[in-house]
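Take a look at the structure below.
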Amino acid sequence: MPEKVTLVVFSGELDKVLAAFNIAVGAASSGMEVSMFFTFWGLNIIKKNEGPIRSRGIMKKMLNFMNRGGAKRLPLSKFNMFGLGKWMMVKLMKDAKTPSLGEMIELAAGMGVKFMACTTSMGMMGVSKEALIPQVNSYCGVATYLSEARDSKINLFI
Amino acid sequence: MPEKVTLVVFSGELDKVLAAFNIAVGAASSGMEVSMFFTFWGLNIIKKNEGPIRSRGIMKKMLNFMNRGGAKRLPLSKFNMFGLGKWMMVKLMKDAKTPSLGEMIELAAGMGVKFMACTTSMGMMGVSKEALIPQVNSYCGVATYLSEARDSKINLFI
Amino acid sequence: MPEKVTLVVFSGELDKVLAAFNIAVGAASSGMEVSMFFTFWGLNIIKKNEGPIRSRGIMKKMLNFMNRGGAKRLPLSKFNMFGLGKWMMVKLMKDAKTPSLGEMIELAAGMGVKFMACTTSMGMMGVSKEALIPQVNSYCGVATYLSEARDSKINLFI
């Protein structure tokens, strides 16, 4: 039975998210079984890149407007500088021929990495299933996360 | 023997802290044995909600004034906007009937989650035992944390 | 065979980095085998304290100027206040007779903690081997990190 890796992806900041996907893709390509549990700001990663999400209630609308999400829109955790720092980072990644986050997501999904969306966060933040990318395999809560995590060799909170 | 989960709670930001308590309560309710090691900004979570902490030395006084702590006072890691974003988040949690952090702390303590306060951080930041909530079971250092962590199936740094 | 601990050190913020080194030194002194994998902002920790790094290309030059690094220059994750908060924290650490980060690095290296520098981050950010402190034992990618991590009892992402 292959060894397992389970990542909680809580952050929605490009730099941390890239680290998460590098570990996920690396582990999958060395034959490990990888699950990623996207929760809280991490939901932004698996939102579609299209427009803002429609949700009910003025505060959820506001939240989903400010916190629009989508792999192309994530800020950096440091030196974001209203997008300038992020633009630089994306440029440096291109120069180094590193895949973009969108490409990493495709790659991970293609290698069988399991994408789990946290339903508690979805409910609280007014994010529907339709707002999420089709690569998500499972909509679940902390109990399902824990059942993956307790069998994993590597558990990280990112 | 029940499987163990050990969480280092370093962050004092409401969104991360809620994630930590969701995992802790979820694990405890599925029969796992959970320890939380509160260190650095994480000490803020287990400070009493009352007034600022009295400590000796002008700098510790300043630190404990700015960094007052208590489960009701934690900021968000993003979109805090001087408390407005946090207010929105707390409102959304209420709408979704999610328990508040104060309730999560009670719940976790009631389910036998072990609360460990890092004495190194307490000493450095001028936080006395009296400033902490009574649910704390143990005041200890990194050696005690490690002895819990090395027997745990799930280890996270939050 | 000694139990292993593997830390991904992603953050370059003094408070988190000190937590990482406290765990590393604590684990090493209780006989565990510790590896630290420095990636992204974490590279700042293992940069030499001397001047800014020379790198090619205007953007890498800019990045290494803003993001100069070296154990003495890391900011705090909270209350940094243009260095004032950090100065306070360093003062409080001295008062508490806690070793400085520079001393922790020496201590960790002396106890056999393995320092791994992430070559992917180095390439992207224009950081050469010469810019890093001599305590670094290994320059490697995610595959090497994973091979350490899968044998470890404690895995953390900091």
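Letters A, B, ... mark the chains of the structure tokens in the order given; residue numbers begin at 1 per chain; ligand numbers begin at 1, in order shown.
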
Using only C-alpha atoms, select each residue of chain C with any atom at most 8 Å away from an atom of chain B, and give the selection as an mmCIF file with N, CA, C and O atoms, in the first residue's frame.
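File written: iface.cif
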```cif
data_model
loop_
_atom_site.group_PDB
_atom_site.id
_atom_site.type_symbol
_atom_site.label_atom_id
_atom_site.label_comp_id
_atom_site.auth_asym_id
_atom_site.auth_seq_id
_atom_site.Cartn_x
_atom_site.Cartn_y
_atom_site.Cartn_z
ATOM 1 N N ASP C 15 9.910 35.513 14.655
ATOM 2 C CA ASP C 15 9.160 34.796 15.698
ATOM 3 C C ASP C 15 8.943 33.324 15.310
ATOM 4 O O ASP C 15 9.200 32.414 16.105
ATOM 5 N N LYS C 16 8.512 33.098 14.073
ATOM 6 C CA LYS C 16 8.284 31.722 13.625
ATOM 7 C C LYS C 16 9.588 30.942 13.531
ATOM 8 O O LYS C 16 9.644 29.755 13.848
ATOM 9 N N ASN C 22 13.806 26.421 18.192
ATOM 10 C CA ASN C 22 13.581 25.863 19.526
ATOM 11 C C ASN C 22 13.189 24.394 19.450
ATOM 12 O O ASN C 22 13.662 23.574 20.234
ATOM 13 N N ILE C 23 12.317 24.086 18.502
ATOM 14 C CA ILE C 23 11.905 22.695 18.334
ATOM 15 C C ILE C 23 13.096 21.852 17.858
ATOM 16 O O ILE C 23 13.354 20.770 18.383
ATOM 17 N N GLY C 26 15.648 21.477 20.685
ATOM 18 C CA GLY C 26 15.039 20.620 21.702
ATOM 19 C C GLY C 26 15.054 19.159 21.273
ATOM 20 O O GLY C 26 15.408 18.268 22.064
ATOM 21 N N ALA C 27 14.687 18.914 20.039
ATOM 22 C CA ALA C 27 14.631 17.538 19.538
ATOM 23 C C ALA C 27 16.033 16.940 19.458
ATOM 24 O O ALA C 27 16.258 15.795 19.865
ATOM 25 N N SER C 30 17.287 15.930 22.768
ATOM 26 C CA SER C 30 16.703 14.709 23.335
ATOM 27 C C SER C 30 17.001 13.499 22.450
ATOM 28 O O SER C 30 16.290 12.495 22.490
ATOM 29 N N MET C 88 12.233 45.501 20.305
ATOM 30 C CA MET C 88 11.680 45.163 21.621
ATOM 31 C C MET C 88 11.784 43.666 21.903
ATOM 32 O O MET C 88 12.176 43.252 22.993
ATOM 33 N N LEU C 92 13.703 41.774 24.832
ATOM 34 C CA LEU C 92 13.039 40.884 25.790
ATOM 35 C C LEU C 92 13.726 39.521 25.830
ATOM 36 O O LEU C 92 13.858 38.912 26.883
ATOM 37 N N MET C 93 14.180 39.052 24.659
ATOM 38 C CA MET C 93 14.882 37.773 24.607
ATOM 39 C C MET C 93 16.190 37.851 25.375
ATOM 40 O O MET C 93 16.556 36.929 26.095
ATOM 41 N N ASP C 95 16.863 39.923 27.837
ATOM 42 C CA ASP C 95 16.519 40.003 29.262
ATOM 43 C C ASP C 95 16.217 38.622 29.824
ATOM 44 O O ASP C 95 16.536 38.316 30.970
ATOM 45 N N ALA C 96 15.546 37.798 29.004
ATOM 46 C CA ALA C 96 15.174 36.460 29.455
ATOM 47 C C ALA C 96 16.325 35.479 29.262
ATOM 48 O O ALA C 96 16.167 34.282 29.482
ATOM 49 N N LYS C 153 9.072 10.987 12.468
ATOM 50 C CA LYS C 153 7.966 10.879 13.408
ATOM 51 C C LYS C 153 7.220 12.206 13.474
ATOM 52 O O LYS C 153 6.020 12.262 13.653
ATOM 53 N N ILE C 154 7.969 13.304 13.403
ATOM 54 C CA ILE C 154 7.374 14.636 13.506
ATOM 55 C C ILE C 154 7.703 15.427 12.242
ATOM 56 O O ILE C 154 8.875 15.575 11.902
ATOM 57 N N ASN C 155 6.647 15.867 11.549
ATOM 58 C CA ASN C 155 6.806 16.708 10.375
ATOM 59 C C ASN C 155 6.023 17.991 10.595
ATOM 60 O O ASN C 155 4.844 17.931 10.932
ATOM 61 N N LEU C 156 6.689 19.125 10.423
ATOM 62 C CA LEU C 156 5.969 20.391 10.581
ATOM 63 C C LEU C 156 6.279 21.304 9.404
ATOM 64 O O LEU C 156 7.355 21.207 8.803
ATOM 65 N N PHE C 157 5.353 22.194 9.093
ATOM 66 C CA PHE C 157 5.529 23.226 8.072
ATOM 67 C C PHE C 157 5.420 24.548 8.806
ATOM 68 O O PHE C 157 4.382 24.859 9.385
ATOM 69 N N ILE C 158 6.518 25.293 8.825
ATOM 70 C CA ILE C 158 6.571 26.501 9.668
ATOM 71 C C ILE C 158 6.758 27.746 8.832
ATOM 72 O O ILE C 158 7.671 27.794 8.039
#
```

Determine which residues of chain A receive a DSSP assignment of alpha helix (DSSP H), computed from the backbone, and state them as a ChimeraX atom specification. /A:14-29,58-66,84-95,101-110,119-125,142-149

Between A:Leu101, A:Leu84, A:Val5, A:Met111, which residue has the minimum interatomic distance to Val34 of chain A, considering only C-alpha atoms?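 Smallest distance to Val34 of chain A is found for A:Val5.
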